[in-house]
2 protein chains.
Amino acid sequence: MPRMAQDRQKQDRQKQGGAGKRVTMAAVGRIAGVSQVTVSRALSDPSKVSPETLRRIRDAIEATGFVPNAIAGALASQRSNLVTALIPSIINITYSAFIRTFSQRMREAGYQILLSETGFDPAEEESVIAAHLSRRPDAMLLTGIHHSARAKRQLLGAGIPVVEVWDITDTPIDLCVGFSHPEAARAVADHLVARGHRAAATVTASDERAGRRRDAFAARFTALTGHPVPDHDTRGPASIGAGRAGLAALLDNEAFRAGVVFCSSDLLAHGIMIEARARGLRVPRDIAVMGFGDQDFARVLDPPLTTVRIDRDRLGQVAADALLGRIACREDGQAISDIGFRIIDRGTA
Amino acid sequence: MPRMAQDRQKQDRQKQGGAGKRVTMAAVGRIAGVSQVTVSRALSDPSKVSPETLRRIRDAIEATGFVPNAIAGALASQRSNLVTALIPSIINITYSAFIRTFSQRMREAGYQILLSETGFDPAEEESVIAAHLSRRPDAMLLTGIHHSARAKRQLLGAGIPVVEVWDITDTPIDLCVGFSHPEAARAVADHLVARGHRAAATVTASDERAGRRRDAFAARFTALTGHPVPDHDTRGPASIGAGRAGLAALLDNEAFRAGVVFCSSDLLAHGIMIEARARGLRVPRDIAVMGFGDQDFARVLDPPLTTVRIDRDRLGQVAADALLGRIACREDGQAISDIGFRIIDRGTA
DNA sequence: GTGAAAGCGCTAACAG
DNA sequence: CTGTTAGCGCTTTCAC
């Protein structure tokens, strides 16, 4: 900030009066007739302070509107009560829904969550990780299992519990909770072939995990049926519009005319249903659709969407518990949790 | 297998010094052969340090994996470079989409965002505000204009810039950017009546602002047509499923048989389209639908959804700029910004 | 049950 | 250009 602006700001804050001096524990103590430490104790463990003193301190806090300075507390105690989380996208319900469960669980345990988006970009992630680490979080949540070497080093150096979610690996940085994407995709291929499908295509959003599902699906489907699996890459985030465009492209290219489309998300699948209907094609008779994620709308579409359920709430919960366990130094909890997946057979495939 | 990975992990942490000594500026300085302040300067303003010294410091940082301690920095400088934001729901795209724009803008200016949900509950909001204030943010964003008296007092006492978004008032705490919900709702009523609609109903999610829109809409529509406007309250968050259930309830109650349904969100409107079609009703011939929000899917539905557009990106941008302006002490920026709304006429009403 | 003293790791003056 | 000296507002530890 330019020097002048800074000076002016200082003056303004002082003029504000109420804002000039923020209330400190020392000030509260002065009013209550005790020392600063006693105020600290009254807040952190009231039982260590006599009832009478406690009352005076509480009155003083109320009168001054004192709000403790967590920054100073964190510096002194070396505990920030902060947990940071990185997700690819905040507007993608897949991630935001499980972050909500995770946050709630952590908040109940007294932690606040610092959340950032990384936008599916490893370089971006690296810089965000460093920024987060500078806040000295007590633990950290990362999405996915691929991180730059530098980021891993810093994470290890931080000496805090780290949980990687939404994927699974034998070699996590620390903790890991998720499921195997290739395995899920192969299960989908097996399922669709068992149901009699002999032609398939995929529509896939820009997401490394989605890409691995597509590859595993195509490999298995082709192995089983001998037919290639054309793919449409949305080159962007999943959306209903991208799904419509995806089916349109597949059909117009004549790479695909009928069969089942396996999508990397329910949103895409929904778009495919709309596009199919707009073209006078019947779902699932002409075009069958398989989603991924089992978002809340999947069951209320018409026909209801066949998809793969990932228990996001459980994922958030298990991730939080794993971290909490590590923080409490219970090293006994298992480091790797596979929460699995489940094919939900409904009306579109 | 987990066991081995776990053991390996444990060793790694111990070797790393686990909870051991984190690298400090003093340590980096020692290695580079300079004092701690010089390291600080090298980081905050490299031009103040000789090139040769800078090189040695950078090498030392690289070698040690040093990550600056923002906690200590914040305590010393009285600037946290943290901005906190409260939104009702993280999984509601309405809010998460604009938070993304806001965050990006703030990040470019060097701020990190601490985000929390308040879940539409004022009491919850109050406690979250206090928790956020304890982190000594440099600014704060609040959703809506209704806050508890205690919360307002603490906010004022904090002496930081505060912006209230998604609504508008003549008496903001500090800054305010949004639009008038009753005004938007009345404009919708005028528009629908002008298009010939004489019967209307509403489907409304649990959200104070949505409720105010419904009330203003019903009052205007009735004043214009003489007909009452039945409402279905979803008693919960907006969703496609809630929209379907809403139309079903309206129709089954016989409070409503044909006409236009004004929804508090596009998601609800989408559900209504699905339910109407499932019942063999034509949209918009039998049931017309008006959404709210103009989410990305609105234009790709079939028929495309008529709705009200709120420029969320602009909202996020203006909110960020307002805050940044205040932080830089440019008191000239206007305190209240009305970003307006726009009726987007498409195929459903 | 309460207080005094000693930092936590950094930034902000002020010297040199 | 670089170093020294003071804190920032708490928690911790040790006395009393």
# chains A, B, ... in the order shown; residues from 1 in each chain; ligands from 1

$ calpha_fit_rmsd --fixed "chain A" --moving "chain B"
3.7 Å

$ interface_residues --of "chain B" --to "chain C" --cutoff "6 Å" --atoms "only C-alpha atoms (C1' of nucleotides)" --output "list in words"
Ala72, Gly73, Ala76 and Ser77 of chain B

$ write_last_selection --atoms "N, CA and C atoms" --output "CSV table (one decimal), in the first residue's frame"
chain,number,residue,atom,x,y,z
B,72,ALA,N,2.2,-14.4,12.8
B,72,ALA,CA,3.1,-13.4,13.4
B,72,ALA,C,3.1,-12.1,12.7
B,73,GLY,N,3.1,-12.2,11.3
B,73,GLY,CA,3.1,-11.0,10.5
B,73,GLY,C,1.9,-10.1,10.8
B,76,ALA,N,2.1,-8.4,14.2
B,76,ALA,CA,3.0,-7.3,14.2
B,76,ALA,C,2.5,-6.1,13.4
B,77,SER,N,1.9,-6.4,12.3
B,77,SER,CA,1.6,-5.3,11.4
B,77,SER,C,0.1,-4.8,11.6

$ interface_residues --of "chain D" --to "chain A" --cutoff "6 Å" --atoms "only C-alpha atoms (C1' of nucleotides)" --output "compact mmCIF listing (two decimals) with N, CA and C atoms (P, O5', C5', C4', C3', O3' and C1' of nucleotides), in the first residue's frame"
# COMPACT_ATOMS: atom_id res chain seq x y z
P DG D 9 -2.38 -4.79 20.54
O5' DG D 9 -2.86 -6.19 21.12
C5' DG D 9 -3.50 -7.12 20.25
C4' DG D 9 -3.50 -8.47 20.90
C3' DG D 9 -4.12 -8.51 22.29
O3' DG D 9 -4.95 -9.65 22.34
C1' DG D 9 -2.00 -9.46 22.35
P DC D 10 -5.97 -9.98 23.47
O5' DC D 10 -5.95 -11.56 23.32
C5' DC D 10 -5.38 -12.38 24.29
C4' DC D 10 -4.41 -13.32 23.62
C3' DC D 10 -4.08 -14.49 24.51
O3' DC D 10 -4.84 -15.60 24.09
C1' DC D 10 -2.08 -13.42 23.73
P DT D 11 -5.19 -16.74 25.19
O5' DT D 11 -3.83 -17.57 25.33
C5' DT D 11 -3.36 -18.34 24.23
C4' DT D 11 -2.08 -19.03 24.63
C3' DT D 11 -2.21 -20.02 25.77
O3' DT D 11 -1.39 -21.13 25.45
C1' DT D 11 -0.60 -18.39 26.34

$ interface_residues --of "chain A" --to "chain B" --cutoff "6 Å" --atoms "only C-alpha atoms" --output "list in words"
Gln9, Gly18, Ala19, Val67, Pro68, Asn69, Ala70, Ile71, Ile91, Ile93, Ser96, Ala97, Leu114, Ser134, Arg135, Gly159, Ile240, Gly241, Phe297 and Val300 of chain A

$ write_last_selection --atoms "C-alpha atoms" --output "PDB file, in the first residue's frame"
ATOM      1  CA  GLN A   9      -5.892   5.233   7.115  1.00  0.00           C
ATOM      2  CA  GLY A  18     -14.689   3.303  18.709  1.00  0.00           C
ATOM      3  CA  ALA A  19     -12.477   1.754  16.120  1.00  0.00           C
ATOM      4  CA  VAL A  67     -13.657  -9.924  21.053  1.00  0.00           C
ATOM      5  CA  PRO A  68     -10.542 -12.008  21.734  1.00  0.00           C
ATOM      6  CA  ASN A  69      -7.696 -11.691  19.289  1.00  0.00           C
ATOM      7  CA  ALA A  70      -7.252 -15.141  17.796  1.00  0.00           C
ATOM      8  CA  ILE A  71      -4.141 -13.994  15.949  1.00  0.00           C
ATOM      9  CA  ILE A  91     -19.655 -23.930  -7.602  1.00  0.00           C
ATOM     10  CA  ILE A  93     -21.927 -29.216  -5.958  1.00  0.00           C
ATOM     11  CA  SER A  96     -19.259 -27.993  -2.090  1.00  0.00           C
ATOM     12  CA  ALA A  97     -21.710 -30.522  -0.676  1.00  0.00           C
ATOM     13  CA  LEU A 114     -10.294 -21.544   5.320  1.00  0.00           C
ATOM     14  CA  SER A 134       1.474 -19.429   5.950  1.00  0.00           C
ATOM     15  CA  ARG A 135      -1.639 -19.187   8.124  1.00  0.00           C
ATOM     16  CA  GLY A 159       4.223 -31.333  10.209  1.00  0.00           C
ATOM     17  CA  ILE A 240     -26.419 -29.082 -18.462  1.00  0.00           C
ATOM     18  CA  GLY A 241     -25.510 -27.023 -21.494  1.00  0.00           C
ATOM     19  CA  PHE A 297     -31.967 -34.017  -8.707  1.00  0.00           C
ATOM     20  CA  VAL A 300     -36.591 -36.516  -9.620  1.00  0.00           C
TER      21      VAL A 300
END

$ select_by_dssp --residues "segment 114-336 of chain B" --states "alpha helix (DSSP H)" --output "count of residues only"
97

$ closest_residue --among "B:Asp170, B:Glu126, B:Glu208, B:Ser47" --to "Lys152 of chain B" --atoms "only C-alpha atoms"
B:Glu126

$ select_by_dssp --residues "segment 162-237 of chain A" --states "strand (DSSP E)" --output "list of chain:residue names"
A:Val162, A:Val163, A:Glu164, A:Val165, A:Leu175, A:Cys176, A:Val177, A:Gly178, A:Ala200, A:Ala201, A:Thr202, A:Val203, A:Thr204, A:Asp231, A:His232, A:Asp233

$ write_last_selection --atoms "all heavy atoms" --output "mmCIF file, in the first residue's frame"
data_model
loop_
_atom_site.group_PDB
_atom_site.id
_atom_site.type_symbol
_atom_site.label_atom_id
_atom_site.label_comp_id
_atom_site.auth_asym_id
_atom_site.auth_seq_id
_atom_site.Cartn_x
_atom_site.Cartn_y
_atom_site.Cartn_z
ATOM 1 N N VAL A 162 -2.664 -34.110 7.192
ATOM 2 C CA VAL A 162 -3.164 -33.756 5.867
ATOM 3 C C VAL A 162 -4.059 -34.892 5.386
ATOM 4 O O VAL A 162 -3.693 -36.051 5.499
ATOM 5 C CB VAL A 162 -2.000 -33.589 4.871
ATOM 6 C CG1 VAL A 162 -2.529 -33.416 3.448
ATOM 7 C CG2 VAL A 162 -1.118 -32.414 5.260
ATOM 8 N N VAL A 163 -5.223 -34.545 4.871
ATOM 9 C CA VAL A 163 -6.061 -35.593 4.304
ATOM 10 C C VAL A 163 -6.329 -35.294 2.831
ATOM 11 O O VAL A 163 -6.635 -34.159 2.461
ATOM 12 C CB VAL A 163 -7.391 -35.778 5.084
ATOM 13 C CG1 VAL A 163 -8.256 -34.534 5.030
ATOM 14 C CG2 VAL A 163 -8.164 -36.983 4.543
ATOM 15 N N GLU A 164 -6.134 -36.295 2.002
ATOM 16 C CA GLU A 164 -6.428 -36.163 0.580
ATOM 17 C C GLU A 164 -7.748 -36.879 0.314
ATOM 18 O O GLU A 164 -7.917 -38.029 0.711
ATOM 19 C CB GLU A 164 -5.314 -36.800 -0.252
ATOM 20 C CG GLU A 164 -3.985 -36.078 -0.107
ATOM 21 C CD GLU A 164 -2.831 -36.898 -0.668
ATOM 22 O OE1 GLU A 164 -2.294 -37.748 0.089
ATOM 23 O OE2 GLU A 164 -2.477 -36.708 -1.848
ATOM 24 N N VAL A 165 -8.659 -36.205 -0.366
ATOM 25 C CA VAL A 165 -9.978 -36.800 -0.568
ATOM 26 C C VAL A 165 -10.358 -36.957 -2.035
ATOM 27 O O VAL A 165 -9.712 -36.422 -2.925
ATOM 28 C CB VAL A 165 -11.069 -35.962 0.132
ATOM 29 C CG1 VAL A 165 -10.832 -35.898 1.628
ATOM 30 C CG2 VAL A 165 -11.163 -34.581 -0.472
ATOM 31 N N LEU A 175 -3.092 -38.850 5.303
ATOM 32 C CA LEU A 175 -4.342 -39.589 5.322
ATOM 33 C C LEU A 175 -4.988 -39.511 3.953
ATOM 34 O O LEU A 175 -4.681 -38.619 3.170
ATOM 35 C CB LEU A 175 -5.288 -38.970 6.355
ATOM 36 C CG LEU A 175 -4.768 -38.929 7.784
ATOM 37 C CD1 LEU A 175 -5.495 -37.869 8.591
ATOM 38 C CD2 LEU A 175 -4.907 -40.301 8.417
ATOM 39 N N CYS A 176 -5.907 -40.405 3.709
ATOM 40 C CA CYS A 176 -6.533 -40.442 2.401
ATOM 41 C C CYS A 176 -7.903 -41.079 2.510
ATOM 42 O O CYS A 176 -8.051 -42.142 3.090
ATOM 43 C CB CYS A 176 -5.611 -41.241 1.479
ATOM 44 S SG CYS A 176 -6.287 -41.584 -0.123
ATOM 45 N N VAL A 177 -8.935 -40.394 2.003
ATOM 46 C CA VAL A 177 -10.249 -41.012 1.982
ATOM 47 C C VAL A 177 -10.946 -40.714 0.665
ATOM 48 O O VAL A 177 -11.029 -39.575 0.226
ATOM 49 C CB VAL A 177 -11.119 -40.646 3.233
ATOM 50 C CG1 VAL A 177 -10.572 -39.480 3.995
ATOM 51 C CG2 VAL A 177 -12.567 -40.424 2.890
ATOM 52 N N GLY A 178 -11.402 -41.789 0.018
ATOM 53 C CA GLY A 178 -12.021 -41.629 -1.295
ATOM 54 C C GLY A 178 -12.401 -42.975 -1.859
ATOM 55 O O GLY A 178 -12.779 -43.875 -1.121
ATOM 56 N N ALA A 200 -21.641 -47.755 -26.799
ATOM 57 C CA ALA A 200 -21.516 -46.737 -25.747
ATOM 58 C C ALA A 200 -20.656 -45.583 -26.204
ATOM 59 O O ALA A 200 -19.822 -45.720 -27.107
ATOM 60 C CB ALA A 200 -20.921 -47.350 -24.479
ATOM 61 N N ALA A 201 -20.904 -44.426 -25.568
ATOM 62 C CA ALA A 201 -20.056 -43.261 -25.795
ATOM 63 C C ALA A 201 -19.855 -42.613 -24.436
ATOM 64 O O ALA A 201 -20.534 -42.971 -23.467
ATOM 65 C CB ALA A 201 -20.736 -42.292 -26.755
ATOM 66 N N THR A 202 -18.946 -41.670 -24.357
ATOM 67 C CA THR A 202 -18.747 -40.958 -23.097
ATOM 68 C C THR A 202 -18.758 -39.458 -23.346
ATOM 69 O O THR A 202 -18.383 -38.992 -24.426
ATOM 70 C CB THR A 202 -17.402 -41.341 -22.434
ATOM 71 O OG1 THR A 202 -16.363 -41.195 -23.403
ATOM 72 C CG2 THR A 202 -17.411 -42.773 -21.936
ATOM 73 N N VAL A 203 -19.215 -38.739 -22.337
ATOM 74 C CA VAL A 203 -19.123 -37.273 -22.355
ATOM 75 C C VAL A 203 -18.433 -36.909 -21.052
ATOM 76 O O VAL A 203 -18.886 -37.276 -19.968
ATOM 77 C CB VAL A 203 -20.510 -36.613 -22.456
ATOM 78 C CG1 VAL A 203 -20.383 -35.093 -22.318
ATOM 79 C CG2 VAL A 203 -21.159 -36.945 -23.801
ATOM 80 N N THR A 204 -17.326 -36.203 -21.182
ATOM 81 C CA THR A 204 -16.446 -36.013 -20.038
ATOM 82 C C THR A 204 -16.034 -34.557 -19.848
ATOM 83 O O THR A 204 -15.594 -33.905 -20.785
ATOM 84 C CB THR A 204 -15.163 -36.859 -20.235
ATOM 85 O OG1 THR A 204 -15.539 -38.162 -20.684
ATOM 86 C CG2 THR A 204 -14.369 -36.972 -18.956
ATOM 87 N N ASP A 231 -15.676 -40.530 -27.523
ATOM 88 C CA ASP A 231 -15.776 -39.622 -26.372
ATOM 89 C C ASP A 231 -15.959 -38.192 -26.835
ATOM 90 O O ASP A 231 -15.427 -37.784 -27.867
ATOM 91 C CB ASP A 231 -14.493 -39.708 -25.533
ATOM 92 C CG ASP A 231 -14.479 -38.700 -24.394
ATOM 93 O OD1 ASP A 231 -15.359 -38.786 -23.513
ATOM 94 O OD2 ASP A 231 -13.603 -37.812 -24.396
ATOM 95 N N HIS A 232 -16.717 -37.464 -26.050
ATOM 96 C CA HIS A 232 -16.765 -36.015 -26.268
ATOM 97 C C HIS A 232 -16.235 -35.344 -25.019
ATOM 98 O O HIS A 232 -16.730 -35.567 -23.920
ATOM 99 C CB HIS A 232 -18.180 -35.537 -26.551
ATOM 100 C CG HIS A 232 -18.265 -34.043 -26.642
ATOM 101 N ND1 HIS A 232 -17.934 -33.332 -27.784
ATOM 102 C CD2 HIS A 232 -18.588 -33.114 -25.718
ATOM 103 C CE1 HIS A 232 -18.064 -32.048 -27.556
ATOM 104 N NE2 HIS A 232 -18.470 -31.881 -26.311
ATOM 105 N N ASP A 233 -15.226 -34.528 -25.189
ATOM 106 C CA ASP A 233 -14.624 -33.800 -24.077
ATOM 107 C C ASP A 233 -15.231 -32.399 -24.052
ATOM 108 O O ASP A 233 -15.164 -31.663 -25.034
ATOM 109 C CB ASP A 233 -13.107 -33.722 -24.317
ATOM 110 C CG ASP A 233 -12.384 -33.059 -23.158
ATOM 111 O OD1 ASP A 233 -12.994 -32.239 -22.436
ATOM 112 O OD2 ASP A 233 -11.188 -33.362 -22.981
#

$ closest_residue --among "B:Ile343, B:Arg279, B:Gly246, B:Ser148" --to "Asp294 of chain B" --atoms "only C-alpha atoms"
B:Ile343
